[in-house]
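Asker: To be precise about what I am sending: the file is called input_6.pdb and holds PDB, C-alpha atoms, pLDDT in the B column.
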MODEL        1
ATOM      1  CA  VAL A   1    -128.481 197.525 -18.068  1.00 90.00           C
ATOM      2  CA  GLN A   2    -130.517 197.611 -21.255  1.00 94.00           C
ATOM      3  CA  LEU A   3    -132.263 200.765 -22.376  1.00 95.00           C
ATOM      4  CA  GLN A   4    -134.898 200.995 -25.074  1.00 95.00           C
ATOM      5  CA  ALA A   5    -136.108 204.332 -26.398  1.00 96.00           C
ATOM      6  CA  SER A   6    -139.370 204.817 -28.223  1.00 97.00           C
ATOM      7  CA  GLY A   7    -141.911 207.460 -29.096  1.00 98.00           C
ATOM      8  CA  GLY A   8    -140.259 209.327 -31.923  1.00 97.00           C
ATOM      9  CA  GLY A   9    -142.116 210.393 -35.023  1.00 97.00           C
ATOM     10  CA  LEU A  10    -143.080 213.230 -37.293  1.00 98.00           C
ATOM     11  CA  VAL A  11    -144.723 216.300 -35.795  1.00 98.00           C
ATOM     12  CA  GLN A  12    -145.433 219.820 -36.947  1.00 98.00           C
ATOM     13  CA  ALA A  13    -143.686 222.776 -35.400  1.00 98.00           C
ATOM     14  CA  GLY A  14    -145.418 223.780 -32.197  1.00 98.00           C
ATOM     15  CA  GLY A  15    -146.537 220.234 -31.525  1.00 98.00           C
ATOM     16  CA  SER A  16    -145.623 217.797 -28.783  1.00 98.00           C
ATOM     17  CA  LEU A  17    -144.146 214.324 -28.430  1.00 98.00           C
ATOM     18  CA  ARG A  18    -143.300 212.144 -25.469  1.00 98.00           C
ATOM     19  CA  LEU A  19    -140.330 209.848 -25.637  1.00 98.00           C
ATOM     20  CA  SER A  20    -140.025 206.821 -23.380  1.00 97.00           C
ATOM     21  CA  CYS A  21    -136.948 204.956 -22.190  1.00 96.00           C
ATOM     22  CA  ALA A  22    -137.590 201.528 -20.713  1.00 95.00           C
ATOM     23  CA  ALA A  23    -134.831 200.093 -18.548  1.00 93.00           C
ATOM     24  CA  SER A  24    -134.163 196.472 -17.737  1.00 91.00           C
ATOM     25  CA  GLY A  25    -131.394 194.482 -16.137  1.00 88.00           C
ATOM     26  CA  ASN A  26    -129.420 195.789 -13.172  1.00 82.00           C
ATOM     27  CA  ILE A  27    -130.933 199.246 -13.170  1.00 81.00           C
ATOM     28  CA  PHE A  28    -129.593 199.895  -9.677  1.00 80.00           C
ATOM     29  CA  SER A  29    -126.134 200.209 -11.206  1.00 84.00           C
ATOM     30  CA  ILE A  30    -127.050 203.592 -12.679  1.00 88.00           C
ATOM     31  CA  ASN A  31    -128.049 206.726 -10.832  1.00 91.00           C
ATOM     32  CA  THR A  32    -128.488 209.177 -13.672  1.00 94.00           C
ATOM     33  CA  LEU A  33    -130.456 208.830 -16.862  1.00 95.00           C
ATOM     34  CA  GLY A  34    -130.036 211.259 -19.688  1.00 96.00           C
ATOM     35  CA  TRP A  35    -131.545 212.051 -23.027  1.00 98.00           C
ATOM     36  CA  TYR A  36    -129.113 212.937 -25.800  1.00 98.00           C
ATOM     37  CA  ARG A  37    -129.867 213.985 -29.334  1.00 98.00           C
ATOM     38  CA  GLN A  38    -127.894 214.095 -32.553  1.00 98.00           C
ATOM     39  CA  PRO A  39    -129.204 216.376 -35.292  1.00 96.00           C
ATOM     40  CA  PRO A  40    -128.308 215.514 -38.893  1.00 92.00           C
ATOM     41  CA  GLY A  41    -124.672 216.315 -39.547  1.00 95.00           C
ATOM     42  CA  LYS A  42    -124.062 217.576 -36.027  1.00 96.00           C
ATOM     43  CA  GLN A  43    -122.550 216.312 -32.827  1.00 97.00           C
ATOM     44  CA  ARG A  44    -124.500 214.564 -30.155  1.00 97.00           C
ATOM     45  CA  GLU A  45    -125.583 216.775 -27.260  1.00 97.00           C
ATOM     46  CA  LEU A  46    -127.060 216.175 -23.832  1.00 98.00           C
ATOM     47  CA  VAL A  47    -130.615 217.483 -23.712  1.00 98.00           C
ATOM     48  CA  ALA A  48    -131.769 216.579 -20.214  1.00 98.00           C
ATOM     49  CA  SER A  49    -130.853 214.357 -17.289  1.00 97.00           C
ATOM     50  CA  ILE A  50    -132.449 213.110 -14.103  1.00 96.00           C
ATOM     51  CA  THR A  51    -130.895 211.487 -11.063  1.00 93.00           C
ATOM     52  CA  ASN A  52    -132.358 208.827  -8.819  1.00 90.00           C
ATOM     53  CA  SER A  53    -133.150 211.569  -6.309  1.00 92.00           C
ATOM     54  CA  GLY A  54    -135.125 213.420  -8.954  1.00 93.00           C
ATOM     55  CA  SER A  55    -132.705 216.262  -9.675  1.00 96.00           C
ATOM     56  CA  THR A  56    -132.965 217.438 -13.251  1.00 97.00           C
ATOM     57  CA  ASN A  57    -130.838 219.412 -15.670  1.00 98.00           C
ATOM     58  CA  TYR A  58    -131.628 220.766 -19.106  1.00 98.00           C
ATOM     59  CA  ALA A  59    -129.767 222.204 -22.031  1.00 98.00           C
ATOM     60  CA  ASP A  60    -130.512 225.899 -22.482  1.00 98.00           C
ATOM     61  CA  SER A  61    -132.028 225.203 -25.877  1.00 97.00           C
ATOM     62  CA  VAL A  62    -134.860 223.119 -24.383  1.00 98.00           C
ATOM     63  CA  LYS A  63    -135.477 224.761 -21.004  1.00 98.00           C
ATOM     64  CA  GLY A  64    -139.135 225.565 -20.533  1.00 98.00           C
ATOM     65  CA  ARG A  65    -140.164 223.282 -23.402  1.00 98.00           C
ATOM     66  CA  PHE A  66    -138.899 219.819 -22.448  1.00 98.00           C
ATOM     67  CA  THR A  67    -139.504 217.943 -19.216  1.00 98.00           C
ATOM     68  CA  ILE A  68    -137.666 214.820 -18.100  1.00 98.00           C
ATOM     69  CA  SER A  69    -139.309 212.497 -15.601  1.00 96.00           C
ATOM     70  CA  ARG A  70    -139.232 208.891 -14.503  1.00 93.00           C
ATOM     71  CA  ASP A  71    -141.604 206.273 -13.159  1.00 91.00           C
ATOM     72  CA  ILE A  72    -139.513 204.080 -10.900  1.00 86.00           C
ATOM     73  CA  ALA A  73    -142.147 201.375 -10.611  1.00 89.00           C
ATOM     74  CA  LYS A  74    -142.334 201.068 -14.395  1.00 91.00           C
ATOM     75  CA  ARG A  75    -138.557 201.428 -14.779  1.00 91.00           C
ATOM     76  CA  THR A  76    -139.235 204.000 -17.427  1.00 93.00           C
ATOM     77  CA  ALA A  77    -138.035 207.526 -18.021  1.00 95.00           C
ATOM     78  CA  TYR A  78    -139.773 210.052 -20.215  1.00 97.00           C
ATOM     79  CA  LEU A  79    -138.970 213.156 -22.164  1.00 98.00           C
ATOM     80  CA  GLN A  80    -142.005 215.330 -22.734  1.00 98.00           C
ATOM     81  CA  MET A  81    -141.284 217.690 -25.596  1.00 98.00           C
ATOM     82  CA  ASN A  82    -143.584 220.656 -26.150  1.00 98.00           C
ATOM     83  CA  SER A  83    -143.463 223.621 -28.509  1.00 98.00           C
ATOM     84  CA  LEU A  84    -141.270 221.651 -30.837  1.00 98.00           C
ATOM     85  CA  LYS A  85    -139.158 223.489 -33.377  1.00 98.00           C
ATOM     86  CA  PRO A  86    -137.604 222.276 -36.630  1.00 97.00           C
ATOM     87  CA  GLU A  87    -134.199 222.534 -34.960  1.00 97.00           C
ATOM     88  CA  ASP A  88    -135.291 219.855 -32.494  1.00 98.00           C
ATOM     89  CA  THR A  89    -135.151 217.371 -35.360  1.00 98.00           C
ATOM     90  CA  ALA A  90    -132.675 214.688 -34.354  1.00 98.00           C
ATOM     91  CA  VAL A  91    -132.168 211.106 -33.332  1.00 98.00           C
ATOM     92  CA  TYR A  92    -132.810 210.971 -29.604  1.00 98.00           C
ATOM     93  CA  TYR A  93    -131.005 208.493 -27.342  1.00 98.00           C
ATOM     94  CA  CYS A  94    -131.451 207.599 -23.710  1.00 97.00           C
ATOM     95  CA  ALA A  95    -128.350 206.777 -21.714  1.00 97.00           C
ATOM     96  CA  GLY A  96    -127.471 205.674 -18.194  1.00 95.00           C
ATOM     97  CA  ARG A  97    -124.548 206.708 -16.005  1.00 95.00           C
ATOM     98  CA  ARG A  98    -123.051 204.896 -13.046  1.00 94.00           C
ATOM     99  CA  PRO A  99    -122.441 206.722  -9.755  1.00 92.00           C
ATOM    100  CA  GLY A 100    -119.135 208.558  -9.729  1.00 90.00           C
ATOM    101  CA  ARG A 101    -118.688 208.396 -13.482  1.00 92.00           C
ATOM    102  CA  ASP A 102    -118.548 211.348 -15.839  1.00 90.00           C
ATOM    103  CA  GLU A 103    -119.478 209.428 -18.945  1.00 94.00           C
ATOM    104  CA  TYR A 104    -122.693 207.650 -19.826  1.00 95.00           C
ATOM    105  CA  GLY A 105    -121.839 203.977 -20.205  1.00 93.00           C
ATOM    106  CA  PHE A 106    -125.212 202.507 -21.123  1.00 95.00           C
ATOM    107  CA  TRP A 107    -127.024 203.454 -24.301  1.00 96.00           C
ATOM    108  CA  GLY A 108    -130.298 202.625 -25.910  1.00 93.00           C
ATOM    109  CA  GLN A 109    -130.981 202.668 -29.618  1.00 93.00           C
ATOM    110  CA  GLY A 110    -132.080 205.991 -31.016  1.00 94.00           C
ATOM    111  CA  THR A 111    -135.543 207.154 -31.886  1.00 97.00           C
ATOM    112  CA  LEU A 112    -135.999 209.689 -34.666  1.00 98.00           C
ATOM    113  CA  VAL A 113    -137.885 212.915 -34.054  1.00 98.00           C
ATOM    114  CA  THR A 114    -138.691 215.006 -37.107  1.00 98.00           C
ATOM    115  CA  VAL A 115    -140.265 218.424 -36.707  1.00 98.00           C
ATOM    116  CA  SER A 116    -141.672 219.941 -39.872  1.00 97.00           C
ATOM    117  CA  SER A 117    -142.021 223.663 -40.366  1.00 93.00           C
TER     118      SER A 117
ENDMDL
END
If you convert what's in this file into structure tokens, what do you get?
Answerer:
Amino acid sequence: VQLQASGGGLVQAGGSLRLSCAASGNIFSINTLGWYRQPPGKQRELVASITNSGSTNYADSVKGRFTISRDIAKRTAYLQMNSLKPEDTAVYYCAGRRPGRDEYGFWGQGTLVTVSS
């Protein structure tokens, strides 16, 4: 499975961005796709995830502001980010997880999101 993230950029606080994660290869080998982020100097954290059945989970810090979704036909997942805050500044990664696994084994390259105050 290959994952490619895009859509990052510079935005003012309060603004919005939509990240995309395009999947190719044997996408049927994964059943959960997640968005992680790594702020400067901090550890990577899971922001949101979505399963093949459409179940979603969010970190408390983004609930009500971020929405994860996917378009199966386009093999693409999205992260809609609204009401962005400077603390959302980070490199964002999409990742895929196989059924029955705890860890995410497939990773895309990161896309940088910078939120200015």
Asker: Expand the PyMOL selection byres ((chain A and resi 40-49) around 8) into the individual residues it matches in the shown file, reporting them as a ChimeraX atom specification.
Answerer: /A:32-39,50-51,56-59,62,67-68,89-90
Asker: Of the candidates A:Ala13, A:Leu19, A:Ser117, A:Ser24, which one gets nearest to Ala73 of chain A if we count all atoms listed in the file?
Answerer: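 Of all the options, A:Ser24 lies closest to Ala73 of chain A.
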Asker: Show me the residues around (-128.2, 200.2, -9.4) - criterion: an atom at most 10 Å away, only C-alpha atoms counted - as a VMD selection string.
Answerer: chain A and resid 1 25 to 32 52 97 to 99
Asker: Please compute the atom CA of Gln4 of chain A-atom CA of Phe66 of chain A distance, one decimal, in Å.
Answerer: 19.4 Å
Asker: List the residues selected by the PyMOL selection byres ((chain A and resi 104-112) around 7) in the file shown, writing them as an MDAnalysis selection string.
Answerer: chainID A and resid 1:9 90:97 102:103 113:114
Asker: Given the choices A:Leu10, A:Cys21, A:Ser53, A:Val115, which gets closest to Glu87 of chain A if the distance is worked out from all atoms listed in the file?
Answerer: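 Among the listed residues, A:Val115 lies closest to Glu87 of chain A.
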Asker: Would you mind reading off the distance between atom CA of Asp60 of chain A and atom CA of Gly14 of chain A, one decimal, in Å?
Answerer: 17.9 Å
Asker: With distances taken over all atoms listed in the file, which residue among A:Ala23, A:Arg65, A:Gln12, A:Ser55 lies nearest Leu79 of chain A?
Answerer: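 The shortest atom-to-atom distance to Leu79 of chain A comes from A:Arg65.
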Asker: What would the selection look like, as a PyMOL selection string, if the PyMOL selection byres ((chain A and resi 83) around 6) were run on the coordinates I just shared?
Answerer: chain A and resi 14-15+82+84
Asker: Mind filling out segment 43-73 of chain A with N, CA and C atoms and sending it as a compact mmCIF listing (two decimals), in the frame of the given file?
Answerer:
# COMPACT_ATOMS: atom_id res chain seq x y z
N GLN A 43 -122.98 217.15 -33.93
CA GLN A 43 -122.55 216.31 -32.83
C GLN A 43 -123.70 216.01 -31.87
N ARG A 44 -123.52 214.94 -31.15
CA ARG A 44 -124.50 214.56 -30.16
C ARG A 44 -124.42 215.51 -28.98
N GLU A 45 -125.56 215.86 -28.40
CA GLU A 45 -125.58 216.78 -27.26
C GLU A 45 -126.54 216.24 -26.19
N LEU A 46 -126.21 216.56 -24.94
CA LEU A 46 -127.06 216.18 -23.83
C LEU A 46 -128.21 217.17 -23.73
N VAL A 47 -129.42 216.65 -23.74
CA VAL A 47 -130.62 217.48 -23.71
C VAL A 47 -131.14 217.64 -22.29
N ALA A 48 -131.21 216.55 -21.56
CA ALA A 48 -131.77 216.58 -20.21
C ALA A 48 -131.27 215.36 -19.45
N SER A 49 -131.25 215.49 -18.13
CA SER A 49 -130.85 214.36 -17.29
C SER A 49 -131.64 214.39 -16.00
N ILE A 50 -131.74 213.22 -15.38
CA ILE A 50 -132.45 213.11 -14.10
C ILE A 50 -131.73 212.08 -13.25
N THR A 51 -131.55 212.41 -11.97
CA THR A 51 -130.90 211.49 -11.06
C THR A 51 -131.93 210.66 -10.32
N ASN A 52 -131.44 209.67 -9.59
CA ASN A 52 -132.36 208.83 -8.82
C ASN A 52 -133.10 209.64 -7.76
N SER A 53 -132.49 210.73 -7.31
CA SER A 53 -133.15 211.57 -6.31
C SER A 53 -134.13 212.55 -6.94
N GLY A 54 -134.17 212.57 -8.26
CA GLY A 54 -135.12 213.42 -8.95
C GLY A 54 -134.58 214.75 -9.41
N SER A 55 -133.30 215.01 -9.20
CA SER A 55 -132.71 216.26 -9.68
C SER A 55 -132.61 216.24 -11.20
N THR A 56 -132.95 217.36 -11.79
CA THR A 56 -132.96 217.44 -13.25
C THR A 56 -132.07 218.56 -13.76
N ASN A 57 -131.60 218.39 -14.98
CA ASN A 57 -130.84 219.41 -15.67
C ASN A 57 -131.26 219.42 -17.13
N TYR A 58 -131.21 220.62 -17.73
CA TYR A 58 -131.63 220.77 -19.11
C TYR A 58 -130.63 221.62 -19.88
N ALA A 59 -130.51 221.32 -21.15
CA ALA A 59 -129.77 222.20 -22.03
C ALA A 59 -130.56 223.50 -22.19
N ASP A 60 -129.84 224.60 -22.35
CA ASP A 60 -130.51 225.90 -22.48
C ASP A 60 -131.51 225.91 -23.64
N SER A 61 -131.19 225.18 -24.67
CA SER A 61 -132.03 225.20 -25.88
C SER A 61 -133.41 224.58 -25.67
N VAL A 62 -133.57 223.80 -24.60
CA VAL A 62 -134.86 223.12 -24.38
C VAL A 62 -135.54 223.52 -23.08
N LYS A 63 -134.88 224.35 -22.29
CA LYS A 63 -135.48 224.76 -21.00
C LYS A 63 -136.83 225.43 -21.23
N GLY A 64 -137.80 225.01 -20.41
CA GLY A 64 -139.14 225.56 -20.53
C GLY A 64 -140.00 224.86 -21.56
N ARG A 65 -139.39 224.01 -22.38
CA ARG A 65 -140.16 223.28 -23.40
C ARG A 65 -140.16 221.77 -23.16
N PHE A 66 -139.04 221.25 -22.68
CA PHE A 66 -138.90 219.82 -22.45
C PHE A 66 -138.93 219.53 -20.95
N THR A 67 -139.49 218.38 -20.60
CA THR A 67 -139.50 217.94 -19.22
C THR A 67 -139.10 216.48 -19.14
N ILE A 68 -138.10 216.20 -18.32
CA ILE A 68 -137.67 214.82 -18.10
C ILE A 68 -138.28 214.33 -16.80
N SER A 69 -138.71 213.08 -16.80
CA SER A 69 -139.31 212.50 -15.60
C SER A 69 -139.06 211.00 -15.62
N ARG A 70 -139.37 210.35 -14.50
CA ARG A 70 -139.23 208.89 -14.50
C ARG A 70 -140.28 208.28 -13.59
N ASP A 71 -140.68 207.08 -13.95
CA ASP A 71 -141.60 206.27 -13.16
C ASP A 71 -140.80 205.07 -12.68
N ILE A 72 -140.39 205.12 -11.42
CA ILE A 72 -139.51 204.08 -10.90
C ILE A 72 -140.17 202.71 -10.95
N ALA A 73 -141.44 202.66 -10.62
CA ALA A 73 -142.15 201.38 -10.61
C ALA A 73 -142.17 200.75 -12.00
